[in-house]
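Colleague: Coordinates in protein-v9.csv, CSV, C-alpha atoms, are listed below.
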chain,number,residue,atom,x,y,z
N,1,MET,CA,31.5,42.1,30.8
N,2,ARG,CA,32.1,45.4,32.5
N,3,HIS,CA,30.6,48.3,30.8
N,4,LEU,CA,30.8,51.9,32.1
N,5,LEU,CA,29.0,54.9,30.7
N,6,CYS,CA,31.0,58.1,31.4
N,7,THR,CA,28.4,60.4,29.9
N,8,ALA,CA,25.1,59.8,28.2
N,9,ALA,CA,26.7,60.5,24.9
N,10,MET,CA,29.8,58.3,25.2
N,11,LEU,CA,30.1,54.8,23.8
N,12,ILE,CA,30.4,51.8,26.1
N,13,ALA,CA,34.0,51.8,27.4
N,14,PHE,CA,35.8,48.6,28.5
N,15,ALA,CA,38.2,50.3,31.0
N,16,PRO,CA,38.6,50.6,34.8
N,17,ALA,CA,36.3,53.3,36.2
N,18,THR,CA,37.7,56.4,37.7
N,19,GLY,CA,35.6,58.0,40.5
N,20,ILE,CA,34.2,60.6,38.2
N,21,CYS,CA,33.4,58.2,35.4
N,22,ALA,CA,31.7,55.8,37.8
N,23,GLU,CA,29.6,58.5,39.4
N,24,ALA,CA,28.5,59.7,36.0
N,25,ALA,CA,27.7,56.1,35.0
N,26,ALA,CA,25.4,55.8,38.0
N,27,ALA,CA,23.4,58.8,36.8
N,28,VAL,CA,22.8,57.4,33.3
N,29,GLN,CA,23.1,53.6,33.4
N,30,PRO,CA,20.1,51.5,34.3
N,31,MET,CA,20.6,49.9,37.7
N,32,VAL,CA,19.6,46.4,36.6
N,33,ASN,CA,21.4,43.1,37.4
N,34,GLN,CA,24.8,44.5,38.3
N,35,PHE,CA,27.6,43.5,40.7
N,36,ILE,CA,29.4,46.7,41.9
N,37,THR,CA,32.7,46.6,43.7
N,38,LEU,CA,32.0,49.4,46.2
N,39,GLY,CA,35.3,49.0,48.0
N,40,THR,CA,38.3,47.0,46.8
N,41,MET,CA,41.0,47.5,49.6
N,42,GLY,CA,42.0,44.5,51.7
N,43,GLY,CA,43.2,44.4,55.2
N,44,PRO,CA,42.9,46.7,58.2
N,45,VAL,CA,45.2,49.5,57.0
N,46,PRO,CA,43.3,52.3,55.2
N,47,ASP,CA,44.2,53.2,51.7
N,48,PRO,CA,43.8,56.7,50.1
N,49,GLN,CA,42.9,55.1,46.7
N,50,ARG,CA,40.5,52.3,47.7
N,51,SER,CA,37.7,52.0,50.2
N,52,GLN,CA,37.3,49.0,52.5
N,53,PRO,CA,35.8,45.7,51.3
N,54,ALA,CA,32.2,46.1,50.2
N,55,ASN,CA,30.1,45.1,47.2
N,56,ALA,CA,26.5,45.6,46.0
N,57,ILE,CA,24.3,43.3,44.0
N,58,VAL,CA,21.8,45.4,42.2
N,59,ARG,CA,18.6,43.8,40.9
N,60,GLY,CA,16.2,46.4,39.6
N,61,ASN,CA,15.4,48.7,42.5
N,62,ARG,CA,16.7,46.3,45.1
N,63,VAL,CA,20.2,46.3,46.5
N,64,TYR,CA,22.0,43.5,48.4
N,65,LEU,CA,25.3,44.3,50.1
N,66,VAL,CA,28.1,41.7,50.3
N,67,ASP,CA,30.4,42.8,53.1
N,68,THR,CA,30.2,46.3,54.6
N,69,GLY,CA,33.6,47.7,55.2
N,70,ASP,CA,34.2,51.2,56.5
N,71,GLY,CA,32.8,53.8,53.9
N,72,THR,CA,30.1,51.5,52.5
N,73,VAL,CA,27.4,54.2,52.8
N,74,GLU,CA,29.5,56.8,51.1
N,75,GLN,CA,30.3,54.4,48.3
N,76,LEU,CA,26.7,53.6,47.8
N,77,ALA,CA,26.0,57.3,47.3
N,78,ARG,CA,28.9,57.5,44.8
N,79,ALA,CA,27.4,54.6,42.9
N,80,GLY,CA,24.0,56.4,42.8
N,81,LEU,CA,22.3,53.9,45.1
N,82,ASN,CA,19.9,54.8,47.8
N,83,LEU,CA,20.5,53.4,51.3
N,84,SER,CA,16.8,52.8,51.6
N,85,ALA,CA,17.0,50.4,48.6
N,86,VAL,CA,19.3,48.0,50.6
N,87,ARG,CA,17.2,44.9,51.3
N,88,ALA,CA,19.8,42.5,52.7
N,89,VAL,CA,23.4,42.3,53.8
N,90,PHE,CA,25.7,39.2,53.5
N,91,LEU,CA,28.7,39.1,55.7
N,92,SER,CA,31.5,36.8,54.7
N,93,HIS,CA,33.2,36.9,58.1
N,94,LEU,CA,33.5,39.3,61.1
N,95,HIS,CA,36.9,40.9,60.7
N,96,VAL,CA,36.5,44.6,61.2
N,97,ASP,CA,37.7,45.6,57.7
N,98,HIS,CA,34.6,43.7,56.3
N,99,ILE,CA,32.0,44.9,58.9
N,100,GLY,CA,33.2,48.4,59.9
N,101,GLY,CA,30.5,50.2,57.9
N,102,LEU,CA,27.6,48.0,59.1
N,103,SER,CA,26.8,50.4,62.0
N,104,ALA,CA,26.3,53.3,59.6
N,105,VAL,CA,24.1,51.1,57.3
N,106,ILE,CA,21.8,50.2,60.2
N,107,GLY,CA,22.0,53.6,62.0
N,108,LEU,CA,21.4,55.8,59.0
N,109,ARG,CA,18.5,53.7,57.8
N,110,LEU,CA,17.1,54.2,61.3
N,111,GLN,CA,17.8,58.0,61.3
N,112,THR,CA,16.1,58.4,57.9
N,113,GLU,CA,13.2,56.3,59.2
N,114,THR,CA,13.4,53.6,56.6
N,115,ARG,CA,10.6,51.2,57.4
N,116,GLU,CA,11.6,48.0,55.6
N,117,VAL,CA,13.4,45.5,57.8
N,118,LEU,CA,17.0,44.9,56.9
N,119,HIS,CA,17.9,41.2,56.7
N,120,ILE,CA,21.5,40.5,57.8
N,121,TYR,CA,23.0,37.1,56.9
N,122,GLY,CA,26.3,35.9,58.2
N,123,PRO,CA,28.4,33.4,60.1
N,124,PRO,CA,28.1,32.5,63.8
N,125,GLY,CA,28.6,35.7,65.8
N,126,THR,CA,26.6,37.9,63.5
N,127,ARG,CA,23.7,38.1,66.0
N,128,GLU,CA,26.1,39.2,68.7
N,129,LEU,CA,27.6,41.8,66.4
N,130,VAL,CA,24.3,43.3,65.3
N,131,GLY,CA,23.1,43.2,68.9
N,132,GLY,CA,26.0,45.4,69.9
N,133,ILE,CA,25.3,47.8,67.1
N,134,VAL,CA,21.6,47.9,68.0
N,135,ALA,CA,22.5,48.6,71.7
N,136,SER,CA,24.8,51.5,70.7
N,137,LEU,CA,21.9,53.1,68.7
N,138,GLN,CA,19.5,53.2,71.7
N,139,PRO,CA,20.4,56.8,72.9
N,140,SER,CA,20.0,58.4,69.5
N,141,ALA,CA,16.8,56.5,68.8
N,142,ARG,CA,15.3,57.7,72.1
N,143,ALA,CA,16.3,61.3,71.4
N,144,GLY,CA,15.1,61.2,67.8
N,145,TYR,CA,15.3,64.6,66.3
N,146,GLY,CA,14.9,66.3,69.6
N,147,LEU,CA,11.1,66.8,69.4
N,148,PRO,CA,9.3,66.0,72.6
N,149,GLY,CA,7.4,62.6,72.3
N,150,ARG,CA,8.8,62.0,68.8
N,151,VAL,CA,11.2,59.1,68.9
N,152,TRP,CA,12.6,56.8,66.2
N,153,ALA,CA,11.6,53.2,65.9
N,154,PRO,CA,13.3,50.8,68.3
N,155,PRO,CA,16.6,49.9,66.5
N,156,GLN,CA,16.0,46.2,67.1
N,157,SER,CA,12.8,46.3,65.1
N,158,THR,CA,14.6,47.5,62.0
N,159,VAL,CA,16.9,44.4,61.5
N,160,SER,CA,16.5,40.7,61.3
N,161,VAL,CA,19.6,38.5,61.7
N,162,ILE,CA,20.0,35.0,60.1
N,163,GLU,CA,23.1,33.1,61.0
N,164,LEU,CA,24.0,30.7,58.2
N,165,HIS,CA,25.6,27.2,58.2
N,166,ASP,CA,28.2,25.6,55.9
N,167,GLY,CA,26.6,24.0,52.9
N,168,GLU,CA,23.3,25.7,53.4
N,169,THR,CA,21.3,27.1,50.4
N,170,ILE,CA,18.7,29.8,51.0
N,171,LYS,CA,16.3,31.7,48.8
N,172,VAL,CA,16.4,35.5,48.8
N,173,ASP,CA,13.7,37.1,46.6
N,174,ASP,CA,14.3,35.7,43.1
N,175,PHE,CA,17.8,34.2,43.6
N,176,ALA,CA,19.4,31.4,45.6
N,177,VAL,CA,22.5,31.8,47.9
N,178,LYS,CA,24.7,28.9,48.7
N,179,VAL,CA,27.2,29.0,51.6
N,180,ALA,CA,30.6,27.3,51.9
N,181,GLN,CA,33.0,27.5,54.8
N,182,ASN,CA,36.4,28.5,53.4
N,183,SER,CA,40.0,28.5,54.8
N,184,HIS,CA,40.4,32.0,56.1
N,185,TYR,CA,40.5,30.6,59.6
N,186,GLY,CA,42.7,27.6,60.5
N,187,PHE,CA,40.9,26.3,63.6
N,188,ALA,CA,41.0,22.5,64.2
N,189,PRO,CA,37.9,20.9,62.6
N,190,GLY,CA,35.3,20.2,65.3
N,191,SER,CA,37.0,22.4,67.9
N,192,VAL,CA,35.0,24.9,69.9
N,193,ASP,CA,36.8,27.8,68.0
N,194,GLU,CA,35.9,26.2,64.7
N,195,ARG,CA,32.2,25.9,65.7
N,196,ASN,CA,32.1,29.5,66.9
N,197,TYR,CA,34.2,31.4,64.3
N,198,LYS,CA,33.6,30.8,60.6
N,199,SER,CA,34.5,32.5,57.3
N,200,TYR,CA,32.2,32.0,54.4
N,201,SER,CA,32.2,32.2,50.6
N,202,TYR,CA,28.9,32.7,48.8
N,203,ARG,CA,27.4,31.7,45.5
N,204,PHE,CA,24.6,33.8,44.1
N,205,ASP,CA,22.6,31.9,41.6
N,206,MET,CA,20.3,34.4,39.7
N,207,PRO,CA,18.0,33.7,36.8
N,208,GLU,CA,20.4,35.2,34.3
N,209,ARG,CA,23.8,34.3,35.8
N,210,SER,CA,25.8,33.0,38.8
N,211,ILE,CA,28.3,34.9,40.8
N,212,VAL,CA,30.7,33.4,43.4
N,213,TYR,CA,32.3,35.7,46.0
N,214,THR,CA,35.2,34.2,47.8
N,215,GLY,CA,35.4,36.7,50.6
N,216,ASP,CA,38.7,36.1,52.4
N,217,THR,CA,40.1,32.6,51.9
N,218,GLY,CA,43.2,30.6,51.3
N,219,PRO,CA,43.3,27.7,48.9
N,220,SER,CA,40.1,25.7,49.5
N,221,LYS,CA,38.5,22.7,47.9
N,222,ALA,CA,35.2,23.8,49.3
N,223,VAL,CA,35.4,27.1,47.4
N,224,GLU,CA,36.5,25.3,44.3
N,225,LYS,CA,33.4,23.1,44.5
N,226,LEU,CA,31.2,26.1,45.2
N,227,ALA,CA,32.4,28.0,42.2
N,228,GLN,CA,32.0,25.2,39.7
N,229,GLY,CA,30.8,26.6,36.3
N,230,ALA,CA,30.1,30.1,37.7
N,231,ASP,CA,29.7,32.9,35.2
N,232,LEU,CA,31.8,35.2,37.4
N,233,LEU,CA,34.3,34.6,40.2
N,234,VAL,CA,34.9,37.6,42.5
N,235,SER,CA,38.1,36.7,44.3
N,236,GLU,CA,40.3,38.2,46.9
N,237,MET,CA,44.1,38.5,46.3
N,238,ILE,CA,47.1,39.2,48.4
N,239,ASP,CA,50.5,40.8,47.8
N,240,LEU,CA,52.4,39.4,50.8
N,241,ASP,CA,55.4,41.7,50.6
N,242,ALA,CA,53.3,44.8,50.2
N,243,THR,CA,51.0,43.8,53.0
N,244,LEU,CA,53.9,43.3,55.5
N,245,ALA,CA,55.4,46.6,54.4
N,246,ARG,CA,52.1,48.4,55.1
N,247,VAL,CA,51.8,46.7,58.5
N,248,ALA,CA,55.4,47.7,59.4
N,249,GLN,CA,54.5,51.4,58.6
N,250,VAL,CA,51.5,51.3,61.0
N,251,ASN,CA,53.3,49.3,63.7
N,252,PRO,CA,57.1,49.5,63.2
N,253,HIS,CA,57.7,47.9,66.7
N,254,MET,CA,55.6,44.8,66.2
N,255,PRO,CA,57.0,42.0,68.4
N,256,ALA,CA,58.6,39.1,66.5
N,257,ASP,CA,56.1,36.5,67.6
N,258,VAL,CA,53.2,38.7,66.6
N,259,LYS,CA,54.8,39.2,63.1
N,260,ALA,CA,55.4,35.5,62.8
N,261,SER,CA,51.7,34.8,63.5
N,262,MET,CA,50.7,37.4,61.0
N,263,VAL,CA,52.9,35.9,58.3
N,264,GLU,CA,51.4,32.5,58.9
N,265,HIS,CA,47.9,33.9,58.6
N,266,LEU,CA,48.7,35.8,55.5
N,267,THR,CA,50.3,32.9,53.7
N,268,ALA,CA,47.8,30.2,54.6
N,269,HIS,CA,44.5,32.2,54.7
N,270,HIS,CA,44.7,34.3,51.5
N,271,LEU,CA,45.2,33.8,47.8
N,272,THR,CA,48.2,34.7,45.7
N,273,THR,CA,47.7,35.7,42.0
N,274,GLN,CA,48.8,32.2,41.0
N,275,GLN,CA,46.3,30.6,43.4
N,276,VAL,CA,43.5,32.8,42.1
N,277,GLY,CA,44.2,31.6,38.6
N,278,ARG,CA,44.4,28.0,39.7
N,279,LEU,CA,41.1,28.3,41.5
N,280,ALA,CA,39.4,29.8,38.4
N,281,THR,CA,40.7,27.0,36.2
N,282,ALA,CA,39.8,24.2,38.6
N,283,ALA,CA,36.3,25.6,39.0
N,284,ARG,CA,35.9,26.2,35.2
N,285,VAL,CA,34.5,29.7,35.7
N,286,LYS,CA,33.9,32.0,32.8
N,287,ALA,CA,35.5,35.2,34.1
N,288,VAL,CA,37.4,36.5,37.2
N,289,VAL,CA,37.2,39.8,38.9
N,290,VAL,CA,39.9,40.4,41.5
N,291,THR,CA,39.2,42.6,44.5
N,292,HIS,CA,40.3,42.9,48.2
N,293,PHE,CA,43.9,43.8,47.5
N,294,ALA,CA,45.6,43.0,50.7
N,295,GLY,CA,48.7,45.2,50.5
N,296,GLY,CA,47.1,47.6,48.1
N,297,LEU,CA,47.5,48.0,44.4
N,298,SER,CA,48.2,51.0,42.3
N,299,GLY,CA,49.6,51.8,38.9
N,300,ALA,CA,49.2,50.3,35.5
N,301,ASP,CA,52.4,48.3,35.7
N,302,ALA,CA,51.1,46.5,38.9
N,303,VAL,CA,47.8,45.8,37.3
N,304,ARG,CA,49.4,44.3,34.2
N,305,LYS,CA,51.8,42.2,36.3
N,306,ASN,CA,48.9,40.8,38.4
N,307,VAL,CA,46.7,40.1,35.4
N,308,ALA,CA,49.6,38.3,33.7
N,309,ALA,CA,50.2,36.1,36.7
N,310,ILE,CA,46.6,35.1,36.9
N,311,LYS,CA,46.3,34.5,33.2
N,312,ALA,CA,49.3,32.2,33.3
N,313,GLU,CA,47.1,29.8,35.2
N,314,PHE,CA,43.6,30.7,33.8
N,315,ALA,CA,42.6,31.2,30.1
N,316,GLY,CA,39.5,33.2,30.7
N,317,ALA,CA,38.8,37.0,31.2
N,318,VAL,CA,40.5,38.6,34.1
N,319,THR,CA,39.7,42.1,35.5
N,320,ILE,CA,41.5,43.9,38.4
N,321,ALA,CA,38.6,45.8,39.9
N,322,ASN,CA,38.6,49.4,41.0
N,323,ASP,CA,36.1,50.9,43.5
N,324,LEU,CA,32.7,51.5,41.9
N,325,ASP,CA,33.3,49.2,38.9
N,326,ARG,CA,30.2,47.4,37.5
N,327,PHE,CA,30.0,43.9,36.2
Any chance you could put this one into structure tokens?
Modeller:
Amino acid sequence: MRHLLCTAAMLIAFAPATGICAEAAAAVQPMVNQFITLGTMGGPVPDPQRSQPANAIVRGNRVYLVDTGDGTVEQLARAGLNLSAVRAVFLSHLHVDHIGGLSAVIGLRLQTETREVLHIYGPPGTRELVGGIVASLQPSARAGYGLPGRVWAPPQSTVSVIELHDGETIKVDDFAVKVAQNSHYGFAPGSVDERNYKSYSYRFDMPERSIVYTGDTGPSKAVEKLAQGADLLVSEMIDLDATLARVAQVNPHMPADVKASMVEHLTAHHLTTQQVGRLATAARVKAVVVTHFAGGLSGADAVRKNVAAIKAEFAGAVTIANDLDRF
């Protein structure tokens, strides 16, 4: 399913992309109907090997971002994609590791005077998030490039925000997008918090194939239903021990009650390798791509171990994605 061209003369290679290979591929491979894992790190702790969560759906000369973690703009450039080609953004939820690069997406489109309005889709709170970004861009927009009387467009005129609802299906250009509320948050059903704060999974039904993106989620019957029969399941995955070790490095004096809450969140609101495999089997998907490695992932042995754990539960194709891989 994944095919990467390292040079124009090379044969198609079925192997994880290195940064150099992926950048070369961008120069020679037609950008048609691809899902690109721009950033495959999970969680708020930066990683030297992987960028923060971000993905791109490429359809001809149009690009649609799915989450926009820190570094999204740079990863677009490495993938050979123009920022001006970004037509829409889909946010799964509003944790900072998934939206940290949105300000640069909006602001640099403004600074380069991209005229087409950027459509931003997401859960409740997306309008407030984008409003804050727009407000922060006002001084630079008024100054422009420092030429008297020559200002940039009002930042608010460059974006359109659409807050989505659980179970909703929308049409975006030539494909449909279906929304399912997942289990990344554990607020009581019907509570004020549950109404105000949601985490979504998305299904993208395109003329040639269907792709389901779990975003961050724990085990979820809603996601299982959303993914039924999909050609490709792009799923998160967590290594609990590695995640806690990373957090301890960043905050070695974390209070015990805070750590307990974090452990509860990580175990209930994310997927282990076995749970990824069970989800894929229950949903009868054709292939799985694993991304958003909470805890990080490096080395061939770790990759083989995780693939084996997933395949113990799922008979189909399994790929552990690298940054800038194409599917």
Colleague: Just give me the residues with any atom within 12 Å of (25.2, 40.9, 66.8), file coordinates, counting only C-alpha atoms, written as a short mmCIF file (atom, residue, chain, number, x, y, z; two decimals) with C-alpha atoms, in the frame of the given file.
Modeller:
data_model
loop_
_atom_site.label_atom_id
_atom_site.label_comp_id
_atom_site.auth_asym_id
_atom_site.auth_seq_id
_atom_site.Cartn_x
_atom_site.Cartn_y
_atom_site.Cartn_z
CA LEU N 91 28.70 39.10 55.70
CA LEU N 94 33.50 39.30 61.10
CA ILE N 99 32.00 44.90 58.90
CA LEU N 102 27.60 48.00 59.10
CA SER N 103 26.80 50.40 62.00
CA ILE N 106 21.80 50.20 60.20
CA ILE N 120 21.50 40.50 57.80
CA TYR N 121 23.00 37.10 56.90
CA GLY N 122 26.30 35.90 58.20
CA PRO N 123 28.40 33.40 60.10
CA PRO N 124 28.10 32.50 63.80
CA GLY N 125 28.60 35.70 65.80
CA THR N 126 26.60 37.90 63.50
CA ARG N 127 23.70 38.10 66.00
CA GLU N 128 26.10 39.20 68.70
CA LEU N 129 27.60 41.80 66.40
CA VAL N 130 24.30 43.30 65.30
CA GLY N 131 23.10 43.20 68.90
CA GLY N 132 26.00 45.40 69.90
CA ILE N 133 25.30 47.80 67.10
CA VAL N 134 21.60 47.90 68.00
CA ALA N 135 22.50 48.60 71.70
CA SER N 136 24.80 51.50 70.70
CA GLN N 156 16.00 46.20 67.10
CA VAL N 159 16.90 44.40 61.50
CA SER N 160 16.50 40.70 61.30
CA VAL N 161 19.60 38.50 61.70
CA ILE N 162 20.00 35.00 60.10
CA GLU N 163 23.10 33.10 61.00
#
Colleague: At what distance in Å, to one decimal, does atom CA of Thr319 of chain N lie from atom CA of Ile170 of chain N?
Modeller: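 Interatomic distance here is 28.9 Å.
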Colleague: Just want the 12 Å neighbourhood of Ala315 of chain N, counted on all atoms listed in the file, with same-chain residues fewer than 5 positions away dropped. Output as a list in words.
Modeller: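 My list of contacting residues is Gly277, Arg278, Leu279, Ala280, Thr281, Ala282, Arg284, Val285, Lys286, Ala287, Val288, Val307, Ala308, Ala309 and Ile310 of chain N.
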Colleague: Using only C-alpha atoms, pick whichever of N:Gln75, N:Asn33, N:Asn182, N:Thr68 has the shortest atom-to-atom distance to Arg50 of chain N.
Modeller: N:Gln75
Colleague: Closest to Leu83 of chain N among N:Val179, N:Met41, N:Ile36, N:Leu118, using all atoms listed in the file?
Modeller: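 Result for the nearest residue to Leu83 of chain N: N:Leu118.
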Colleague: For atom CA of Thr158 of chain N and atom CA of His119 of chain N, quote the distance in Å rounded to one decimal.
Modeller: 8.9 Å
Colleague: Taking only C-alpha atoms into account, which of N:Val258, N:Gln181, N:Leu266, N:Asp193 comes nearest Glu224 of chain N?
Modeller: N:Gln181
Colleague: Just how far from atom CA of Ala77 of chain N is atom CA of Met206 of chain N, in Å to one decimal?
Modeller: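 These two atoms are separated by 24.8 Å.
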Colleague: Render segment 148-172 of chain N from the structure in the preceding block as a file of N, CA and C atoms, as a short mmCIF file (atom, residue, chain, number, x, y, z; two decimals), in the first residue's frame.
Modeller:
data_model
loop_
_atom_site.label_atom_id
_atom_site.label_comp_id
_atom_site.auth_asym_id
_atom_site.auth_seq_id
_atom_site.Cartn_x
_atom_site.Cartn_y
_atom_site.Cartn_z
N PRO N 148 3.97 51.88 4.41
CA PRO N 148 2.85 52.76 4.80
C PRO N 148 1.60 52.49 3.95
N GLY N 149 0.48 52.29 4.64
CA GLY N 149 -0.79 52.09 3.95
C GLY N 149 -0.96 50.73 3.32
N ARG N 150 -0.01 49.83 3.51
CA ARG N 150 -0.08 48.50 2.89
C ARG N 150 -0.19 47.45 3.99
N VAL N 151 -1.41 47.06 4.33
CA VAL N 151 -1.62 46.08 5.40
C VAL N 151 -2.04 44.75 4.79
N TRP N 152 -1.95 43.71 5.60
CA TRP N 152 -2.44 42.40 5.16
C TRP N 152 -3.95 42.33 5.35
N ALA N 153 -4.53 41.29 4.80
CA ALA N 153 -5.97 41.08 4.97
C ALA N 153 -6.30 40.93 6.45
N PRO N 154 -7.48 41.32 6.88
CA PRO N 154 -7.88 41.06 8.26
C PRO N 154 -7.81 39.56 8.54
N PRO N 155 -7.10 39.12 9.56
CA PRO N 155 -6.93 37.68 9.78
C PRO N 155 -8.24 36.92 9.84
N GLN N 156 -9.29 37.53 10.42
CA GLN N 156 -10.56 36.82 10.54
C GLN N 156 -11.20 36.53 9.19
N SER N 157 -10.80 37.26 8.16
CA SER N 157 -11.38 37.04 6.84
C SER N 157 -10.74 35.86 6.11
N THR N 158 -9.66 35.31 6.67
CA THR N 158 -8.93 34.25 5.99
C THR N 158 -9.33 32.85 6.44
N VAL N 159 -10.19 32.77 7.47
CA VAL N 159 -10.57 31.45 8.00
C VAL N 159 -12.08 31.35 8.16
N SER N 160 -12.56 30.13 8.08
CA SER N 160 -13.96 29.82 8.36
C SER N 160 -13.98 28.62 9.30
N VAL N 161 -14.69 28.72 10.41
CA VAL N 161 -14.70 27.66 11.42
C VAL N 161 -16.05 26.95 11.41
N ILE N 162 -16.00 25.62 11.37
CA ILE N 162 -17.22 24.81 11.42
C ILE N 162 -17.06 23.81 12.55
N GLU N 163 -17.84 23.97 13.62
CA GLU N 163 -17.81 23.02 14.73
C GLU N 163 -18.75 21.86 14.42
N LEU N 164 -18.22 20.65 14.52
CA LEU N 164 -18.94 19.46 14.10
C LEU N 164 -19.63 18.78 15.28
N HIS N 165 -20.57 17.87 14.94
CA HIS N 165 -21.35 17.17 15.95
C HIS N 165 -21.17 15.66 15.78
N ASP N 166 -21.26 14.94 16.88
CA ASP N 166 -21.17 13.49 16.86
C ASP N 166 -22.22 12.90 15.91
N GLY N 167 -21.77 11.99 15.03
CA GLY N 167 -22.68 11.34 14.10
C GLY N 167 -22.93 12.10 12.82
N GLU N 168 -22.39 13.30 12.72
CA GLU N 168 -22.63 14.14 11.54
C GLU N 168 -21.80 13.65 10.36
N THR N 169 -22.35 13.80 9.16
CA THR N 169 -21.62 13.56 7.91
C THR N 169 -21.67 14.81 7.07
N ILE N 170 -20.52 15.26 6.61
CA ILE N 170 -20.45 16.47 5.78
C ILE N 170 -19.77 16.13 4.46
N LYS N 171 -20.03 16.94 3.46
CA LYS N 171 -19.39 16.80 2.15
C LYS N 171 -18.32 17.88 2.03
N VAL N 172 -17.13 17.47 1.67
CA VAL N 172 -16.02 18.39 1.46
C VAL N 172 -15.44 18.10 0.08
#
